[in-house]
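Visitor: Structure below; questions to follow.
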Amino acid sequence: MAHKARGASTRAVHAGESRQKMFHAITNPIVQTSTYVFRNTQELIEYTTGRIDREEYGRYGNPTQHVAEQKLVELEGGESAALFSSGMCALTTVLLAMLSAGSHVIIMDECYRRSRQFCLQVLPKYGIDVSFVETGNYEHLDDAITDRTRLIISESPTNPYLNVLDLERLVRIARAHRVKVLIDGTFATPYNQQPLSYGIDLVIHSATKYLGGHNDLMAGVVIGSRTLISAIKEFRDIMGGIIDPHGAYLLIRGLKTFGVRMEQHNRNGLAVARYLEQHPRIKRVYYPGLESHPHYQIARQQMRGFGGVVSFEVDGDLEQTSRFIDHLTIPYIGPSLGGVESLIEQPAIMSFYEMTREERLAIGIKDELVRFSIGIEDANDVIEDLDQALRKM
Ligand SMILES: Cc1ncc(COP(=O)(O)O)c(C=O)c1O
């Protein structure tokens, strides 16, 4: 097993794995089973009474998933992890496990649209009060906490404007009120940011993104203390949203190259952000690695690199922005981020098209906003592609 003091790439390759595996194979097997059988009744009794530790049923656990979970524990620096069938499944199960009727949760307002939807539309149905606080408004956050508040949730960096939270300050406020904090670190990954080391209680990721890294799997993970994760796992057993064995294998496979992929995403993100910032047809670039970003200083303190997502506003209207996107030849037009292939989207059309322009603007989605997830292609090629598309806009 890899040691925690070893580098992130070494941990990504080796953590969680036995040196000798089935049939002496170097790769971890996909244990493609829904159930596990007992030799005899005595063994079943020993298992039920906790005298032996083993698998029982696929909804409760699988050996391939355990390896993937241990890798993520060692990468994130926590005690325990629980994997789910998607990032949303991780978030919704965690919230339902931690909150109950009469409790109150605070969420920073700039976040993935489905997370907002869950808090706005689902939690109130179960008697859970929700407050939205402007992202990064710490005074307002402090004021919003009541004696019923159980949890504060925020992304960092946020989707899509890549705002970075001051984790130390967040923890100070939460601790003063004995409230727990959950960070969605999907955009940063444990390679670039380690929220648990600041005292954050739980970190979740859409593992569909950088952790899997190849646009070929859906998964989500929550990492934290043994006590919290064990309660969440009990809820997962009931809700049933565990990752499947093949998904867990793909995640292990993707994590093998985690370190080198993240280095390339970080390099590409910065190079593209710098290029866009000086381009006359670009109005504004949002990337925490740029000095012009309002959270550049805190991002530099908290993050090793800034990832591959760059958001920007084109100097044009909705149609001109679409024209620019349609002229690109490297990125695919599609939702998601964090994979080896570059993906680009115009949020006003990709995710928010059913809203009126006014409704979109009210949640900060401008017509000319573009979210670009730069893959691991060569930065020069990506920049040349942007150049020709901007000329044809
Ligand atoms: C920041 C963030 N969190 C969570 C999710 C949800 O993850 P999944 O799509 O794996 O359910 C997403 C998806 O885009 C996301 O961007």
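Here, A, B, ... name the chains of the structure tokens in the order displayed, residue numbers run from 1 inside each chain, and ligands are numbered from 1 in the same displayed order.
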Residues within 6 Å of ligand 1 should be enumerated using only C-alpha atoms and all ligand atoms and returned as a ChimeraX atom specification.
Guide: /A:86-88,112,159,186,206,208,218-220,336
Visitor: Residues within 10 Å of Asn268 in chain A, please, as a list in words. Count only C-alpha atoms; anything in the same chain fewer than 4 positions from it doesn't count.
Guide: Met262, Glu263, Gln264, Val272, Ala273, Arg274, Phe306, Gly307, Gly308, Val309, Val310, Ser373, Ile374, Gly375, Ile376, Glu377, Asp378, Ala379, Asn380, Val382 and Ile383 of chain A
Visitor: Could those selected residues go to a file with N, CA and C atoms, as a CSV table (one decimal), in the first residue's frame?
Guide:
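So selection_31.csv came out as:
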```
chain,number,residue,atom,x,y,z
A,262,MET,N,-3.3,16.1,-14.4
A,262,MET,CA,-3.6,17.3,-13.8
A,262,MET,C,-2.5,18.3,-14.1
A,263,GLU,N,-1.3,17.9,-14.2
A,263,GLU,CA,-0.2,18.8,-14.5
A,263,GLU,C,-0.4,19.4,-15.9
A,264,GLN,N,-0.9,18.6,-16.8
A,264,GLN,CA,-1.1,19.1,-18.2
A,264,GLN,C,-2.4,20.0,-18.2
A,272,VAL,N,-4.0,29.0,-21.8
A,272,VAL,CA,-5.2,29.4,-22.6
A,272,VAL,C,-5.8,30.7,-21.9
A,273,ALA,N,-5.8,30.7,-20.6
A,273,ALA,CA,-6.4,31.9,-19.9
A,273,ALA,C,-5.6,33.1,-20.2
A,274,ARG,N,-4.2,33.0,-20.2
A,274,ARG,CA,-3.4,34.1,-20.5
A,274,ARG,C,-3.6,34.6,-22.0
A,306,PHE,N,-4.5,25.4,-11.0
A,306,PHE,CA,-5.8,26.0,-11.1
A,306,PHE,C,-6.7,25.2,-12.0
A,307,GLY,N,-6.3,24.1,-12.5
A,307,GLY,CA,-7.1,23.3,-13.3
A,307,GLY,C,-7.3,23.7,-14.8
A,308,GLY,N,-8.1,23.0,-15.5
A,308,GLY,CA,-8.3,23.1,-16.9
A,308,GLY,C,-9.5,23.9,-17.3
A,309,VAL,N,-10.3,24.4,-16.4
A,309,VAL,CA,-11.5,25.1,-16.8
A,309,VAL,C,-11.3,26.6,-16.8
A,310,VAL,N,-11.6,27.2,-17.9
A,310,VAL,CA,-11.4,28.7,-18.1
A,310,VAL,C,-12.8,29.2,-18.5
A,373,SER,N,-13.5,23.7,-20.9
A,373,SER,CA,-12.8,22.7,-20.1
A,373,SER,C,-11.6,22.2,-21.0
A,374,ILE,N,-10.4,22.7,-20.8
A,374,ILE,CA,-9.3,22.3,-21.7
A,374,ILE,C,-8.8,21.0,-21.3
A,375,GLY,N,-8.7,20.1,-22.3
A,375,GLY,CA,-8.3,18.7,-22.1
A,375,GLY,C,-6.7,18.7,-22.0
A,376,ILE,N,-6.2,17.6,-22.4
A,376,ILE,CA,-4.7,17.4,-22.3
A,376,ILE,C,-4.1,17.5,-23.7
A,377,GLU,N,-4.8,18.1,-24.7
A,377,GLU,CA,-4.2,18.3,-26.0
A,377,GLU,C,-3.0,19.3,-25.8
A,378,ASP,N,-2.3,19.6,-26.9
A,378,ASP,CA,-1.2,20.5,-26.8
A,378,ASP,C,-1.7,21.9,-26.8
A,379,ALA,N,-1.3,22.7,-25.8
A,379,ALA,CA,-1.8,24.1,-25.6
A,379,ALA,C,-1.7,24.9,-26.9
A,380,ASN,N,-0.6,24.8,-27.7
A,380,ASN,CA,-0.4,25.6,-28.9
A,380,ASN,C,-1.5,25.3,-29.9
A,382,VAL,N,-4.5,24.2,-29.2
A,382,VAL,CA,-5.8,24.7,-28.7
A,382,VAL,C,-5.8,26.2,-28.9
A,383,ILE,N,-4.7,26.9,-28.7
A,383,ILE,CA,-4.7,28.4,-28.8
A,383,ILE,C,-4.8,28.8,-30.3
```
Visitor: Quick check, in Å to one decimal: how far apart do CA of Gly364 in chain A and CA of Ile330 in chain A lie?
Guide: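 Value for the CA of Gly364 in chain A-CA of Ile330 in chain A distance: 27.3 Å.
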Visitor: What does the distance from CA of Gly61 in chain A to CA of Gln193 in chain A come to in Å, to one decimal?
Guide: 28.0 Å
Visitor: Rounded to one decimal, what separation in Å do you get between CA of Arg284 in chain A and CA of Asn163 in chain A?
Guide: 14.1 Å
Visitor: Got a sec to tell me which of range 130-251 of chain A DSSP assigns to helix (DSSP H, G or I), as a PDB file with N, CA and C atoms, in the first residue's frame?
Guide:
```
ATOM      1  N   TYR A 138     -18.847  36.551   3.505  1.00  0.00           N
ATOM      2  CA  TYR A 138     -18.678  35.896   4.807  1.00  0.00           C
ATOM      3  C   TYR A 138     -19.524  36.541   5.905  1.00  0.00           C
ATOM      4  N   GLU A 139     -19.753  37.863   5.793  1.00  0.00           N
ATOM      5  CA  GLU A 139     -20.595  38.541   6.803  1.00  0.00           C
ATOM      6  C   GLU A 139     -22.028  38.008   6.694  1.00  0.00           C
ATOM      7  N   HIS A 140     -22.497  37.930   5.463  1.00  0.00           N
ATOM      8  CA  HIS A 140     -23.858  37.440   5.241  1.00  0.00           C
ATOM      9  C   HIS A 140     -23.977  35.982   5.703  1.00  0.00           C
ATOM     10  N   LEU A 141     -22.924  35.230   5.470  1.00  0.00           N
ATOM     11  CA  LEU A 141     -22.915  33.825   5.891  1.00  0.00           C
ATOM     12  C   LEU A 141     -23.077  33.736   7.408  1.00  0.00           C
ATOM     13  N   ASP A 142     -22.277  34.534   8.107  1.00  0.00           N
ATOM     14  CA  ASP A 142     -22.315  34.541   9.569  1.00  0.00           C
ATOM     15  C   ASP A 142     -23.727  34.891  10.058  1.00  0.00           C
ATOM     16  N   ASP A 143     -24.334  35.889   9.403  1.00  0.00           N
ATOM     17  CA  ASP A 143     -25.684  36.322   9.807  1.00  0.00           C
ATOM     18  C   ASP A 143     -26.731  35.256   9.510  1.00  0.00           C
ATOM     19  N   ALA A 144     -26.492  34.466   8.467  1.00  0.00           N
ATOM     20  CA  ALA A 144     -27.514  33.497   8.033  1.00  0.00           C
ATOM     21  C   ALA A 144     -27.567  32.260   8.936  1.00  0.00           C
ATOM     22  N   LEU A 167     -10.925  29.085   2.715  1.00  0.00           N
ATOM     23  CA  LEU A 167     -11.337  27.912   3.495  1.00  0.00           C
ATOM     24  C   LEU A 167     -11.114  28.115   4.997  1.00  0.00           C
ATOM     25  N   GLU A 168     -10.016  28.802   5.333  1.00  0.00           N
ATOM     26  CA  GLU A 168      -9.716  29.034   6.747  1.00  0.00           C
ATOM     27  C   GLU A 168     -10.823  29.870   7.391  1.00  0.00           C
ATOM     28  N   ARG A 169     -11.212  30.918   6.654  1.00  0.00           N
ATOM     29  CA  ARG A 169     -12.244  31.826   7.165  1.00  0.00           C
ATOM     30  C   ARG A 169     -13.592  31.103   7.285  1.00  0.00           C
ATOM     31  N   LEU A 170     -13.867  30.296   6.298  1.00  0.00           N
ATOM     32  CA  LEU A 170     -15.112  29.521   6.292  1.00  0.00           C
ATOM     33  C   LEU A 170     -15.176  28.603   7.519  1.00  0.00           C
ATOM     34  N   VAL A 171     -14.079  27.931   7.784  1.00  0.00           N
ATOM     35  CA  VAL A 171     -14.025  26.999   8.918  1.00  0.00           C
ATOM     36  C   VAL A 171     -14.154  27.768  10.240  1.00  0.00           C
ATOM     37  N   ARG A 172     -13.502  28.948  10.315  1.00  0.00           N
ATOM     38  CA  ARG A 172     -13.576  29.748  11.551  1.00  0.00           C
ATOM     39  C   ARG A 172     -15.029  30.116  11.861  1.00  0.00           C
ATOM     40  N   ILE A 173     -15.746  30.555  10.833  1.00  0.00           N
ATOM     41  CA  ILE A 173     -17.153  30.951  11.033  1.00  0.00           C
ATOM     42  C   ILE A 173     -17.981  29.727  11.441  1.00  0.00           C
ATOM     43  N   ALA A 174     -17.788  28.632  10.722  1.00  0.00           N
ATOM     44  CA  ALA A 174     -18.597  27.437  10.988  1.00  0.00           C
ATOM     45  C   ALA A 174     -18.341  26.893  12.394  1.00  0.00           C
ATOM     46  N   ARG A 175     -17.062  26.847  12.781  1.00  0.00           N
ATOM     47  CA  ARG A 175     -16.713  26.289  14.098  1.00  0.00           C
ATOM     48  C   ARG A 175     -17.301  27.118  15.234  1.00  0.00           C
ATOM     49  N   ALA A 176     -17.322  28.441  15.024  1.00  0.00           N
ATOM     50  CA  ALA A 176     -17.862  29.314  16.077  1.00  0.00           C
ATOM     51  C   ALA A 176     -19.323  28.977  16.350  1.00  0.00           C
ATOM     52  N   THR A 189      -9.965  19.218  -7.607  1.00  0.00           N
ATOM     53  CA  THR A 189      -9.456  17.858  -7.352  1.00  0.00           C
ATOM     54  C   THR A 189      -8.479  17.868  -6.168  1.00  0.00           C
ATOM     55  N   PRO A 190      -8.248  16.703  -5.553  1.00  0.00           N
ATOM     56  CA  PRO A 190      -7.272  16.665  -4.448  1.00  0.00           C
ATOM     57  C   PRO A 190      -5.852  16.952  -4.918  1.00  0.00           C
ATOM     58  N   TYR A 191      -5.615  16.962  -6.223  1.00  0.00           N
ATOM     59  CA  TYR A 191      -4.267  17.298  -6.698  1.00  0.00           C
ATOM     60  C   TYR A 191      -3.977  18.777  -6.435  1.00  0.00           C
ATOM     61  N   ASN A 192      -4.975  19.625  -6.653  1.00  0.00           N
ATOM     62  CA  ASN A 192      -4.755  21.073  -6.560  1.00  0.00           C
ATOM     63  C   ASN A 192      -5.167  21.686  -5.232  1.00  0.00           C
ATOM     64  N   PRO A 195      -9.082  20.529   0.962  1.00  0.00           N
ATOM     65  CA  PRO A 195      -9.925  21.230   1.951  1.00  0.00           C
ATOM     66  C   PRO A 195      -9.902  20.603   3.348  1.00  0.00           C
ATOM     67  N   LEU A 196      -9.733  19.276   3.450  1.00  0.00           N
ATOM     68  CA  LEU A 196      -9.769  18.646   4.781  1.00  0.00           C
ATOM     69  C   LEU A 196      -8.631  19.158   5.658  1.00  0.00           C
ATOM     70  N   SER A 197      -7.518  19.535   5.033  1.00  0.00           N
ATOM     71  CA  SER A 197      -6.378  20.001   5.829  1.00  0.00           C
ATOM     72  C   SER A 197      -6.649  21.379   6.454  1.00  0.00           C
ATOM     73  N   TYR A 198      -7.715  22.055   6.008  1.00  0.00           N
ATOM     74  CA  TYR A 198      -8.105  23.344   6.614  1.00  0.00           C
ATOM     75  C   TYR A 198      -9.169  23.145   7.698  1.00  0.00           C
ATOM     76  N   ARG A 226     -14.012   9.066   9.649  1.00  0.00           N
ATOM     77  CA  ARG A 226     -14.613   7.729   9.698  1.00  0.00           C
ATOM     78  C   ARG A 226     -16.061   7.804  10.212  1.00  0.00           C
ATOM     79  N   THR A 227     -16.281   8.618  11.234  1.00  0.00           N
ATOM     80  CA  THR A 227     -17.615   8.689  11.843  1.00  0.00           C
ATOM     81  C   THR A 227     -18.647   9.216  10.844  1.00  0.00           C
ATOM     82  N   LEU A 228     -18.314  10.340  10.196  1.00  0.00           N
ATOM     83  CA  LEU A 228     -19.285  10.917   9.257  1.00  0.00           C
ATOM     84  C   LEU A 228     -19.530   9.984   8.077  1.00  0.00           C
ATOM     85  N   ILE A 229     -18.444   9.426   7.536  1.00  0.00           N
ATOM     86  CA  ILE A 229     -18.595   8.595   6.326  1.00  0.00           C
ATOM     87  C   ILE A 229     -19.341   7.306   6.661  1.00  0.00           C
ATOM     88  N   SER A 230     -19.121   6.786   7.866  1.00  0.00           N
ATOM     89  CA  SER A 230     -19.824   5.547   8.204  1.00  0.00           C
ATOM     90  C   SER A 230     -21.333   5.796   8.267  1.00  0.00           C
ATOM     91  N   ALA A 231     -21.769   6.954   8.789  1.00  0.00           N
ATOM     92  CA  ALA A 231     -23.204   7.282   8.809  1.00  0.00           C
ATOM     93  C   ALA A 231     -23.719   7.466   7.376  1.00  0.00           C
ATOM     94  N   ILE A 232     -22.899   8.072   6.531  1.00  0.00           N
ATOM     95  CA  ILE A 232     -23.312   8.286   5.131  1.00  0.00           C
ATOM     96  C   ILE A 232     -23.418   6.947   4.399  1.00  0.00           C
ATOM     97  N   LYS A 233     -22.484   6.042   4.705  1.00  0.00           N
ATOM     98  CA  LYS A 233     -22.518   4.725   4.048  1.00  0.00           C
ATOM     99  C   LYS A 233     -23.793   3.966   4.432  1.00  0.00           C
ATOM    100  N   GLU A 234     -24.201   4.106   5.688  1.00  0.00           N
ATOM    101  CA  GLU A 234     -25.446   3.430   6.095  1.00  0.00           C
ATOM    102  C   GLU A 234     -26.616   3.949   5.279  1.00  0.00           C
ATOM    103  N   PHE A 235     -26.585   5.254   5.012  1.00  0.00           N
ATOM    104  CA  PHE A 235     -27.636   5.847   4.191  1.00  0.00           C
ATOM    105  C   PHE A 235     -27.519   5.370   2.745  1.00  0.00           C
ATOM    106  N   ARG A 236     -26.277   5.242   2.272  1.00  0.00           N
ATOM    107  CA  ARG A 236     -26.076   4.745   0.904  1.00  0.00           C
ATOM    108  C   ARG A 236     -26.633   3.333   0.752  1.00  0.00           C
ATOM    109  N   ASP A 237     -26.459   2.521   1.813  1.00  0.00           N
ATOM    110  CA  ASP A 237     -27.005   1.154   1.792  1.00  0.00           C
ATOM    111  C   ASP A 237     -28.509   1.163   1.542  1.00  0.00           C
ATOM    112  N   ILE A 238     -29.188   2.192   2.097  1.00  0.00           N
ATOM    113  CA  ILE A 238     -30.646   2.283   1.944  1.00  0.00           C
ATOM    114  C   ILE A 238     -31.004   2.907   0.598  1.00  0.00           C
ATOM    115  N   MET A 239     -30.324   3.994   0.254  1.00  0.00           N
ATOM    116  CA  MET A 239     -30.676   4.736  -0.963  1.00  0.00           C
ATOM    117  C   MET A 239     -30.252   3.975  -2.224  1.00  0.00           C
ATOM    118  N   PRO A 245     -19.243  -2.079 -10.071  1.00  0.00           N
ATOM    119  CA  PRO A 245     -17.856  -2.566 -10.118  1.00  0.00           C
ATOM    120  C   PRO A 245     -17.090  -2.102 -11.363  1.00  0.00           C
ATOM    121  N   HIS A 246     -17.765  -2.062 -12.493  1.00  0.00           N
ATOM    122  CA  HIS A 246     -17.055  -1.651 -13.706  1.00  0.00           C
ATOM    123  C   HIS A 246     -16.706  -0.165 -13.663  1.00  0.00           C
ATOM    124  N   GLY A 247     -17.634   0.644 -13.136  1.00  0.00           N
ATOM    125  CA  GLY A 247     -17.355   2.076 -12.960  1.00  0.00           C
ATOM    126  C   GLY A 247     -16.163   2.276 -12.031  1.00  0.00           C
ATOM    127  N   ALA A 248     -16.124   1.471 -10.959  1.00  0.00           N
ATOM    128  CA  ALA A 248     -15.014   1.582 -10.001  1.00  0.00           C
ATOM    129  C   ALA A 248     -13.696   1.220 -10.682  1.00  0.00           C
ATOM    130  N   TYR A 249     -13.726   0.205 -11.550  1.00  0.00           N
ATOM    131  CA  TYR A 249     -12.507  -0.176 -12.271  1.00  0.00           C
ATOM    132  C   TYR A 249     -12.048   0.964 -13.186  1.00  0.00           C
ATOM    133  N   LEU A 250     -12.995   1.565 -13.906  1.00  0.00           N
ATOM    134  CA  LEU A 250     -12.632   2.675 -14.800  1.00  0.00           C
ATOM    135  C   LEU A 250     -12.034   3.840 -14.007  1.00  0.00           C
ATOM    136  N   LEU A 251     -12.565   4.047 -12.808  1.00  0.00           N
ATOM    137  CA  LEU A 251     -12.043   5.115 -11.960  1.00  0.00           C
ATOM    138  C   LEU A 251     -10.600   4.803 -11.527  1.00  0.00           C
TER     139      LEU A 251
END
```
Visitor: Just the strand (DSSP E) stuff from range 88-295 of chain A, please, per backbone DSSP, written as a PyMOL selection string.
Guide: chain A and resi 104-108+129-133+149-155+180-184+202-206+220-224+282-286
Visitor: How would the residues just picked look written out with C-alpha atoms as a tab-separated table (two decimals), in the first residue's frame?
Guide:
```
chain	number	residue	atom	x	y	z
A	104	HIS	CA	-31.36	24.35	8.15
A	105	VAL	CA	-28.66	24.30	5.50
A	106	ILE	CA	-26.78	27.19	3.87
A	107	ILE	CA	-25.47	26.95	0.34
A	108	MET	CA	-23.30	29.48	-1.48
A	129	ASP	CA	-34.93	24.99	5.37
A	130	VAL	CA	-32.41	26.28	2.87
A	131	SER	CA	-30.71	29.68	2.68
A	132	PHE	CA	-28.64	30.85	-0.26
A	133	VAL	CA	-25.77	33.18	0.52
A	149	THR	CA	-28.14	25.30	10.91
A	150	ARG	CA	-26.37	21.97	10.48
A	151	LEU	CA	-24.34	22.43	7.34
A	152	ILE	CA	-22.71	25.01	5.07
A	153	ILE	CA	-22.11	23.96	1.47
A	154	SER	CA	-19.92	25.58	-1.14
A	155	GLU	CA	-18.05	24.74	-4.27
A	180	LYS	CA	-20.21	21.46	9.62
A	181	VAL	CA	-18.83	22.49	6.20
A	182	LEU	CA	-18.98	20.55	2.96
A	183	ILE	CA	-16.87	21.61	-0.02
A	184	ASP	CA	-17.55	20.45	-3.55
A	202	LEU	CA	-16.51	16.73	4.10
A	203	VAL	CA	-15.28	17.01	0.52
A	204	ILE	CA	-17.29	15.78	-2.40
A	205	HIS	CA	-16.28	15.41	-6.03
A	206	SER	CA	-18.03	14.55	-9.20
A	220	GLY	CA	-19.23	10.69	-7.20
A	221	VAL	CA	-17.35	10.52	-3.92
A	222	VAL	CA	-17.48	11.96	-0.42
A	223	ILE	CA	-14.41	11.93	1.82
A	224	GLY	CA	-14.12	12.82	5.51
A	282	ILE	CA	-12.48	38.69	-25.30
A	283	LYS	CA	-14.10	40.96	-22.71
A	284	ARG	CA	-13.23	39.08	-19.53
A	285	VAL	CA	-11.54	35.87	-18.42
A	286	TYR	CA	-12.33	34.02	-15.19
```
Visitor: Measuring atom to atom with only C-alpha atoms, identify which of A:Arg148, A:His295, A:Arg281, A:Lys366 is nearest to Met393 in chain A.
Guide: A:Arg281
Visitor: Can you work out which one of A:Cys111, A:Leu270, A:Leu369, A:Ala15 has the shortest atom-to-atom distance to Val314 in chain A, counting only C-alpha atoms?
Guide: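 The shortest atom-to-atom distance to Val314 in chain A comes from A:Leu369.
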Visitor: May I have the residues within 8 Å of Gly213 in chain A as a ChimeraX atom specification, using only C-alpha atoms and disregarding those fewer than 3 positions away in the same chain?
Guide: /A:208-210,216,254-255,258,261,338-340
Visitor: Which residue out of A:Arg178, A:Arg253, A:His66, A:Arg113 has the minimum interatomic distance to Pro160 in chain A when only C-alpha atoms are used?
Guide: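 Ranked by minimum distance to Pro160 in chain A, first place goes to A:Arg113.
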